[in-house]
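Trainee: Have a peek at input18.cif (mmCIF, C-alpha atoms and all ligand atoms).
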```
data_upload
#
loop_
_atom_site.label_atom_id
_atom_site.label_comp_id
_atom_site.auth_asym_id
_atom_site.auth_seq_id
_atom_site.Cartn_x
_atom_site.Cartn_y
_atom_site.Cartn_z
CA MET A 151 15.31 -8.29 -17.33
CA LYS A 152 12.54 -10.27 -15.70
CA GLY A 153 9.09 -9.10 -14.65
CA ARG A 154 8.26 -7.85 -11.22
CA PRO A 155 10.41 -8.78 -8.26
CA ASP A 156 9.15 -12.09 -6.94
CA LYS A 157 9.45 -10.92 -3.37
CA SER A 158 7.39 -7.74 -3.49
CA LEU A 159 4.64 -7.08 -1.00
CA PHE A 160 1.72 -7.56 -3.32
CA SER A 161 2.93 -10.75 -4.94
CA LEU A 162 3.99 -12.38 -1.73
CA ALA A 163 0.78 -14.34 -1.18
CA VAL A 164 0.97 -15.79 -4.69
CA ASP A 165 4.65 -16.57 -4.24
CA ARG A 166 3.93 -18.38 -1.03
CA ARG A 167 1.34 -20.56 -2.73
CA SER A 168 3.60 -21.42 -5.64
CA LEU A 169 6.53 -22.01 -3.32
CA LEU A 170 4.43 -24.29 -1.20
CA SER A 171 3.30 -26.36 -4.16
CA ALA A 172 6.89 -26.45 -5.41
CA ALA A 173 8.04 -27.65 -2.03
CA LEU A 174 5.42 -30.40 -1.91
CA GLY A 175 6.55 -31.85 -5.21
CA THR A 176 10.30 -31.57 -4.85
CA CYS A 177 12.27 -34.12 -2.95
CA ALA A 178 15.24 -33.67 -5.26
CA MET A 179 15.61 -29.93 -4.68
CA THR A 180 19.18 -28.71 -4.46
CA PRO A 181 20.25 -27.22 -1.14
CA LEU A 182 20.63 -23.81 -2.75
CA ALA A 183 17.17 -23.91 -4.30
CA ALA A 184 15.77 -24.91 -0.93
CA LEU A 185 17.60 -22.03 0.69
CA SER A 186 16.37 -19.61 -1.93
CA MET A 187 12.84 -20.80 -1.34
CA GLN A 188 13.29 -20.38 2.38
CA LEU A 189 14.49 -16.82 1.91
CA ALA A 190 11.67 -15.88 -0.44
CA THR A 191 9.09 -17.47 1.83
CA ASN A 192 10.46 -15.55 4.75
CA ARG A 193 10.41 -12.22 2.90
CA SER A 194 7.93 -10.54 5.23
CA GLY A 195 10.27 -11.03 8.18
CA SER A 196 14.00 -11.02 8.71
CA LEU A 197 16.22 -14.03 8.22
CA THR A 198 15.79 -16.53 10.98
CA LYS A 199 18.84 -17.75 12.85
CA GLU A 200 18.42 -21.19 11.27
CA GLN A 201 18.32 -19.75 7.77
CA ARG A 202 21.39 -17.63 8.39
CA ASP A 203 23.30 -20.48 10.00
CA SER A 204 22.53 -22.79 7.06
CA MET A 205 24.23 -20.43 4.59
CA ASN A 206 27.88 -20.41 3.61
CA PRO A 207 29.56 -17.16 2.41
CA ALA A 208 29.19 -18.10 -1.28
CA GLN A 209 25.46 -18.60 -0.81
CA VAL A 210 25.18 -15.21 0.83
CA ILE A 211 26.85 -13.62 -2.23
CA ASP A 212 24.50 -15.56 -4.48
CA GLU A 213 21.45 -14.26 -2.59
CA LEU A 214 22.76 -10.69 -2.82
CA LYS A 215 23.23 -11.09 -6.58
CA LYS A 216 19.69 -12.41 -6.95
CA GLY A 217 18.36 -9.54 -4.86
CA ASN A 218 20.16 -7.03 -7.05
CA GLU A 219 18.70 -8.69 -10.15
CA ARG A 220 15.20 -8.31 -8.70
CA PHE A 221 16.00 -4.69 -7.83
CA ARG A 222 17.16 -3.92 -11.39
CA SER A 223 14.23 -5.64 -13.03
CA SER A 224 11.80 -3.56 -10.97
CA ALA A 225 12.91 -0.40 -12.83
CA ALA A 226 11.41 -1.66 -16.10
CA GLY A 227 7.88 -0.49 -15.34
CA GLN A 228 5.69 0.37 -12.40
CA TYR A 229 2.28 -0.86 -11.33
CA PRO A 230 1.93 0.57 -7.81
CA ALA A 231 -1.29 -0.46 -6.10
CA ALA A 232 -1.60 2.49 -3.70
CA VAL A 233 -0.67 6.12 -3.20
CA VAL A 234 0.17 7.09 0.37
CA LEU A 235 0.14 10.64 1.71
CA GLY A 236 2.39 10.53 4.75
CA CYS A 237 4.27 12.82 7.10
CA ILE A 238 7.97 13.71 6.64
CA ASP A 239 8.69 12.32 10.12
CA SER A 240 11.88 10.26 9.78
CA ARG A 241 10.32 7.47 11.80
CA VAL A 242 7.43 6.89 9.41
CA PRO A 243 8.82 5.68 6.06
CA ALA A 244 5.72 4.20 4.47
CA GLU A 245 7.57 1.70 2.26
CA ILE A 246 9.27 0.22 5.29
CA ILE A 247 6.33 0.08 7.68
CA PHE A 248 4.24 -1.66 4.99
CA ASP A 249 7.18 -3.86 3.96
CA ALA A 250 6.62 -2.72 0.37
CA GLY A 251 9.19 -3.10 -2.38
CA ILE A 252 10.29 -0.82 -5.20
CA GLY A 253 7.39 -0.26 -7.57
CA ASP A 254 4.68 -1.22 -5.07
CA VAL A 255 3.44 2.16 -3.77
CA PHE A 256 3.54 5.84 -4.62
CA ILE A 257 4.53 7.94 -1.61
CA GLY A 258 3.96 11.66 -1.09
CA ARG A 259 5.36 13.12 2.11
CA VAL A 260 4.80 16.51 3.70
CA ALA A 261 4.83 17.59 7.34
CA GLY A 262 1.54 16.70 8.98
CA ASN A 263 0.43 14.72 5.87
CA VAL A 264 -1.55 17.77 4.77
CA VAL A 265 -3.49 17.84 1.52
CA ASN A 266 -2.36 20.51 -0.93
CA ASP A 267 -2.80 21.08 -4.65
CA ASP A 268 0.45 19.39 -5.64
CA MET A 269 -0.34 16.33 -3.55
CA LEU A 270 -3.80 16.19 -5.09
CA GLY A 271 -2.25 16.37 -8.55
CA SER A 272 0.15 13.58 -7.63
CA MET A 273 -2.70 11.41 -6.35
CA GLU A 274 -4.72 12.05 -9.49
CA PHE A 275 -1.73 10.95 -11.56
CA ALA A 276 -1.26 7.89 -9.35
CA CYS A 277 -4.87 6.73 -9.69
CA ALA A 278 -6.28 8.14 -12.93
CA VAL A 279 -3.14 7.69 -15.04
CA ALA A 280 -1.05 5.01 -13.36
CA GLY A 281 -3.88 2.84 -12.06
CA ALA A 282 -3.37 2.82 -8.29
CA LYS A 283 -6.44 1.54 -6.42
CA LEU A 284 -6.03 3.03 -2.98
CA VAL A 285 -5.44 6.56 -1.65
CA LEU A 286 -4.21 6.34 1.92
CA VAL A 287 -3.72 9.32 4.23
CA LEU A 288 -1.25 8.09 6.83
CA GLY A 289 -1.00 10.01 10.08
CA HIS A 290 1.06 9.01 13.08
CA THR A 291 1.30 9.38 16.83
CA ALA A 292 3.47 12.09 18.43
CA CYS A 293 3.43 14.16 15.21
CA GLY A 294 5.56 17.30 15.55
CA ALA A 295 3.56 19.17 12.93
CA VAL A 296 0.35 18.50 14.84
CA LYS A 297 2.01 19.73 18.04
CA GLY A 298 3.08 22.86 16.18
CA ALA A 299 -0.48 23.50 15.01
CA ILE A 300 -1.78 23.04 18.57
CA ASP A 301 0.84 25.51 19.84
CA ASP A 302 0.11 28.08 17.10
CA VAL A 303 3.76 28.03 16.05
CA GLU A 304 4.60 30.75 13.54
CA MET A 305 7.78 30.52 11.50
CA GLY A 306 8.39 31.35 7.86
CA ASN A 307 6.57 29.04 5.49
CA LEU A 308 5.73 26.66 8.32
CA THR A 309 2.99 29.07 9.41
CA GLY A 310 1.01 28.40 6.23
CA LEU A 311 1.54 24.66 6.44
CA LEU A 312 0.37 24.47 10.04
CA ALA A 313 -2.71 26.48 9.10
CA ARG A 314 -3.80 23.43 7.09
CA ILE A 315 -3.76 21.33 10.28
CA LYS A 316 -5.65 23.84 12.44
CA PRO A 317 -9.11 22.78 11.27
CA ALA A 318 -8.30 19.41 12.86
CA VAL A 319 -7.36 21.15 16.12
CA SER A 320 -10.73 22.92 16.28
CA ALA A 321 -12.70 19.86 15.16
CA THR A 322 -11.21 17.45 17.73
CA LYS A 323 -13.52 16.65 20.60
CA PHE A 324 -11.39 15.80 23.60
CA GLU A 325 -11.94 15.51 27.33
CA GLY A 326 -8.78 16.55 29.11
CA GLU A 327 -5.87 18.92 28.72
CA LYS A 328 -5.75 20.30 25.20
CA LEU A 329 -2.02 20.88 25.19
CA SER A 330 0.79 19.68 22.94
CA LYS A 331 2.44 18.02 25.93
CA ASN A 332 -0.60 15.76 26.30
CA ALA A 333 0.23 12.82 24.02
CA ALA A 334 -3.36 11.55 23.95
CA TYR A 335 -4.62 14.93 22.76
CA VAL A 336 -1.91 15.21 20.08
CA ASP A 337 -2.85 11.76 18.77
CA ALA A 338 -6.56 12.64 18.79
CA VAL A 339 -5.87 15.73 16.68
CA ALA A 340 -3.64 13.71 14.34
CA ARG A 341 -6.48 11.24 13.87
CA THR A 342 -8.96 14.03 13.09
CA ASN A 343 -6.39 15.45 10.68
CA VAL A 344 -6.34 12.14 8.81
CA VAL A 345 -10.13 11.98 8.59
CA LEU A 346 -10.36 15.60 7.42
CA GLY A 347 -7.58 14.83 4.94
CA THR A 348 -9.62 12.09 3.28
CA GLU A 349 -12.67 14.40 3.17
CA ASN A 350 -10.51 17.15 1.68
CA ILE A 351 -9.31 14.84 -1.07
CA ARG A 352 -12.89 13.96 -2.05
CA ARG A 353 -14.02 17.57 -1.92
CA ARG A 354 -11.08 19.06 -3.80
CA SER A 355 -10.55 16.36 -6.40
CA PRO A 356 -13.62 15.60 -8.49
CA ILE A 357 -11.45 13.12 -10.42
CA LEU A 358 -10.65 11.03 -7.35
CA GLU A 359 -14.16 11.39 -5.97
CA ALA A 360 -15.60 10.06 -9.21
CA LEU A 361 -13.15 7.14 -9.28
CA GLU A 362 -14.19 6.25 -5.75
CA LYS A 363 -17.90 6.46 -6.54
CA LYS A 364 -17.30 4.18 -9.50
CA GLY A 365 -15.58 1.69 -7.20
CA SER A 366 -12.24 1.91 -9.00
CA ILE A 367 -10.44 3.28 -5.95
CA LYS A 368 -10.93 3.72 -2.22
CA ILE A 369 -9.87 6.79 -0.27
CA THR A 370 -9.12 5.99 3.34
CA GLY A 371 -6.99 6.89 6.33
CA ALA A 372 -4.72 5.20 8.81
CA MET A 373 -2.77 5.99 11.96
CA TYR A 374 0.71 4.64 12.58
CA ASP A 375 1.68 4.09 16.19
CA LEU A 376 5.35 4.96 16.67
CA ALA A 377 5.47 3.02 19.93
CA ASN A 378 4.51 -0.40 18.61
CA GLY A 379 4.66 -0.17 14.80
CA VAL A 380 0.96 -0.94 14.35
CA VAL A 381 -1.00 0.72 11.51
CA GLU A 382 -4.68 1.12 12.30
CA PHE A 383 -6.99 1.76 9.34
CA ILE A 384 -9.64 4.31 10.28
CA GLY A 385 -12.27 4.61 7.66
ZN ZN B 401 4.41 13.96 11.64
#
```
Take the structure I supplied and represent it as C-alpha cells, if you would.

Mentor:
Amino acid sequence: MKGRPDKSLFSLAVDRRSLLSAALGTCAMTPLAALSMQLATNRSGSLTKEQRDSMNPAQVIDELKKGNERFRSSAAGQYPAAVVLGCIDSRVPAEIIFDAGIGDVFIGRVAGNVVNDDMLGSMEFACAVAGAKLVLVLGHTACGAVKGAIDDVEMGNLTGLLARIKPAVSATKFEGEKLSKNAAYVDAVARTNVVLGTENIRRRSPILEALEKKGSIKITGAMYDLANGVVEFIG
C-alpha cells in the first residue's frame, strides 16, 4: 500500500512539477516510464490520440494495473479537502465535474441541495473532525427541485423538501416571467437558493461558523451550468 494516489486532483500541481523536473533530467527514460509520465501529466484531461496511439496492448494492461493500485491505496485513509452539498440531479456528480479522485472530497446530495440537520451534521464531521477546509453549496441550472418549488408541487415527502427551497423563490428579485418554464428565472432562484444555503449553514451551525471566523474553513457557494460544464463560484 502506498500513500495517496499520485493522480488525485489536489496533488496534481505537485505531480506536474515533479514530473517536469524528472523529465528535464532524464534522457535515458524507458519508453514505458515516459508513457506513464505522459498519462499522469495528462490526468486532468482524457488521453490524447498521440498517447493512445503510442501504447501497445500490454502497456494498456500495465496502466490499468497501476490505476487499480492507486485506487486500492486510496482506501487506506482519507484527507478530503472539501465537503460539497449538491443536488441529486444525475447530471451533476460533483466528483466528476471537479475531476476529483477517491478520497478528495466529501459529497452530500439531496434534491435542491437543501440544508437540513443531517447535512449539517455531516458537514460538521467533515470539517471539525476530518479536517476539510471548504464547505461548498453547489447548485445547478435547470434544477427540477427548484422548478417544483416554483410550481408549489405537493407530493408525499417532497412537499416538505420543496418547502426548504421556497424562501429562495420569495427572495429572488427577477424582472420577467416568474414561471418554471422560464429557464432564466429558474436559474435565478437556484442561485438565490445557493446563497441562502450558505447563510443557513452559518446560522444553524455554530461549529462551522466558528471555524470560518477562525479562518480554518470557508463556506461558499457555486452554480454549475449544465449546458457548458462551467462551475461559477458565487461568494
Ligand atoms: Zn437539482

Trainee: Could you pull the residues within 12 Å of A:Ser272, counting only C-alpha atoms, minus those fewer than 2 positions along the same chain, as an mmCIF file with C-alpha atoms, in the coordinates of the input?

Mentor:
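And here's around26.cif as it stands now:
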```cif
data_model
loop_
_atom_site.group_PDB
_atom_site.id
_atom_site.type_symbol
_atom_site.label_atom_id
_atom_site.label_comp_id
_atom_site.auth_asym_id
_atom_site.auth_seq_id
_atom_site.Cartn_x
_atom_site.Cartn_y
_atom_site.Cartn_z
ATOM 1 C CA ALA A 232 -1.600 2.490 -3.700
ATOM 2 C CA VAL A 233 -0.670 6.120 -3.200
ATOM 3 C CA VAL A 234 0.170 7.090 0.370
ATOM 4 C CA LEU A 235 0.140 10.640 1.710
ATOM 5 C CA PHE A 256 3.540 5.840 -4.620
ATOM 6 C CA ILE A 257 4.530 7.940 -1.610
ATOM 7 C CA GLY A 258 3.960 11.660 -1.090
ATOM 8 C CA ARG A 259 5.360 13.120 2.110
ATOM 9 C CA VAL A 265 -3.490 17.840 1.520
ATOM 10 C CA ASN A 266 -2.360 20.510 -0.930
ATOM 11 C CA ASP A 267 -2.800 21.080 -4.650
ATOM 12 C CA ASP A 268 0.450 19.390 -5.640
ATOM 13 C CA MET A 269 -0.340 16.330 -3.550
ATOM 14 C CA LEU A 270 -3.800 16.190 -5.090
ATOM 15 C CA GLU A 274 -4.720 12.050 -9.490
ATOM 16 C CA PHE A 275 -1.730 10.950 -11.560
ATOM 17 C CA ALA A 276 -1.260 7.890 -9.350
ATOM 18 C CA CYS A 277 -4.870 6.730 -9.690
ATOM 19 C CA ALA A 278 -6.280 8.140 -12.930
ATOM 20 C CA VAL A 279 -3.140 7.690 -15.040
ATOM 21 C CA ALA A 280 -1.050 5.010 -13.360
ATOM 22 C CA ALA A 282 -3.370 2.820 -8.290
ATOM 23 C CA VAL A 285 -5.440 6.560 -1.650
ATOM 24 C CA ILE A 351 -9.310 14.840 -1.070
ATOM 25 C CA SER A 355 -10.550 16.360 -6.400
ATOM 26 C CA ILE A 357 -11.450 13.120 -10.420
ATOM 27 C CA LEU A 358 -10.650 11.030 -7.350
#
```

Trainee: Quick one: of A:Asp203, A:Gly253, A:Phe383, A:Cys237, who's nearest to A:Ser224, counting only C-alpha atoms?

Mentor: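 For A:Ser224, the nearest of the given residues is A:Gly253.
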
Trainee: Could you list, as number ranges by chain, all protein and nucleic acid residues with an atom at most 10 Å from ligand ZN 401 (chain B), counting all atoms listed in the file?

Mentor: A: 236-242, 259-264, 288-297, 340

Trainee: To one decimal in Å, tell me the separation between atom CA of A:Pro230 and atom CA of A:Ile247.

Mentor: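 A separation of 16.1 Å between them.
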
Trainee: Have a look at A:Lys316, A:Lys283, A:Arg354, A:Lys323 and name the one nearest to A:Ile369; count all atoms listed in the file.

Mentor: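 The shortest atom-to-atom distance to A:Ile369 comes from A:Lys283.
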
Trainee: Given the choices A:Asn343, A:Ala360, A:Ser204, A:Leu308, which gets closest to A:Ser320 if the distance is worked out from only C-alpha atoms?

Mentor: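 The closest residue to A:Ser320 is A:Asn343.
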
Trainee: Quick one, how far is atom CA of A:Ala372 from atom CA of A:Val344?

Mentor: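 Distance between the two atoms: 7.1 Å.
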
Trainee: To one decimal place in Å, what is the distance between atom CA of A:Phe248 and atom CA of A:Gly379?

Mentor: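 Going from atom CA of A:Phe248 over to atom CA of A:Gly379, I get 9.9 Å.
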
Trainee: Using all atoms listed in the file - which residues lie no farther than 12 Å from the point (-16.8, 5.1, -2.8) in the file's frame? Write them as JSON, numbers by chain.

Mentor: {"A": [283, 284, 285, 348, 349, 352, 358, 359, 360, 361, 362, 363, 364, 365, 366, 367, 368, 369, 370, 385]}

Trainee: For C-alpha atoms, I'd like the residues from the last selection saved as an mmCIF file, in the frame of the given file.

Mentor:
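Generated file (again-v9.cif):
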```
data_model
loop_
_atom_site.group_PDB
_atom_site.id
_atom_site.type_symbol
_atom_site.label_atom_id
_atom_site.label_comp_id
_atom_site.auth_asym_id
_atom_site.auth_seq_id
_atom_site.Cartn_x
_atom_site.Cartn_y
_atom_site.Cartn_z
ATOM 1 C CA LYS A 283 -6.440 1.540 -6.420
ATOM 2 C CA LEU A 284 -6.030 3.030 -2.980
ATOM 3 C CA VAL A 285 -5.440 6.560 -1.650
ATOM 4 C CA THR A 348 -9.620 12.090 3.280
ATOM 5 C CA GLU A 349 -12.670 14.400 3.170
ATOM 6 C CA ARG A 352 -12.890 13.960 -2.050
ATOM 7 C CA LEU A 358 -10.650 11.030 -7.350
ATOM 8 C CA GLU A 359 -14.160 11.390 -5.970
ATOM 9 C CA ALA A 360 -15.600 10.060 -9.210
ATOM 10 C CA LEU A 361 -13.150 7.140 -9.280
ATOM 11 C CA GLU A 362 -14.190 6.250 -5.750
ATOM 12 C CA LYS A 363 -17.900 6.460 -6.540
ATOM 13 C CA LYS A 364 -17.300 4.180 -9.500
ATOM 14 C CA GLY A 365 -15.580 1.690 -7.200
ATOM 15 C CA SER A 366 -12.240 1.910 -9.000
ATOM 16 C CA ILE A 367 -10.440 3.280 -5.950
ATOM 17 C CA LYS A 368 -10.930 3.720 -2.220
ATOM 18 C CA ILE A 369 -9.870 6.790 -0.270
ATOM 19 C CA THR A 370 -9.120 5.990 3.340
ATOM 20 C CA GLY A 385 -12.270 4.610 7.660
#
```
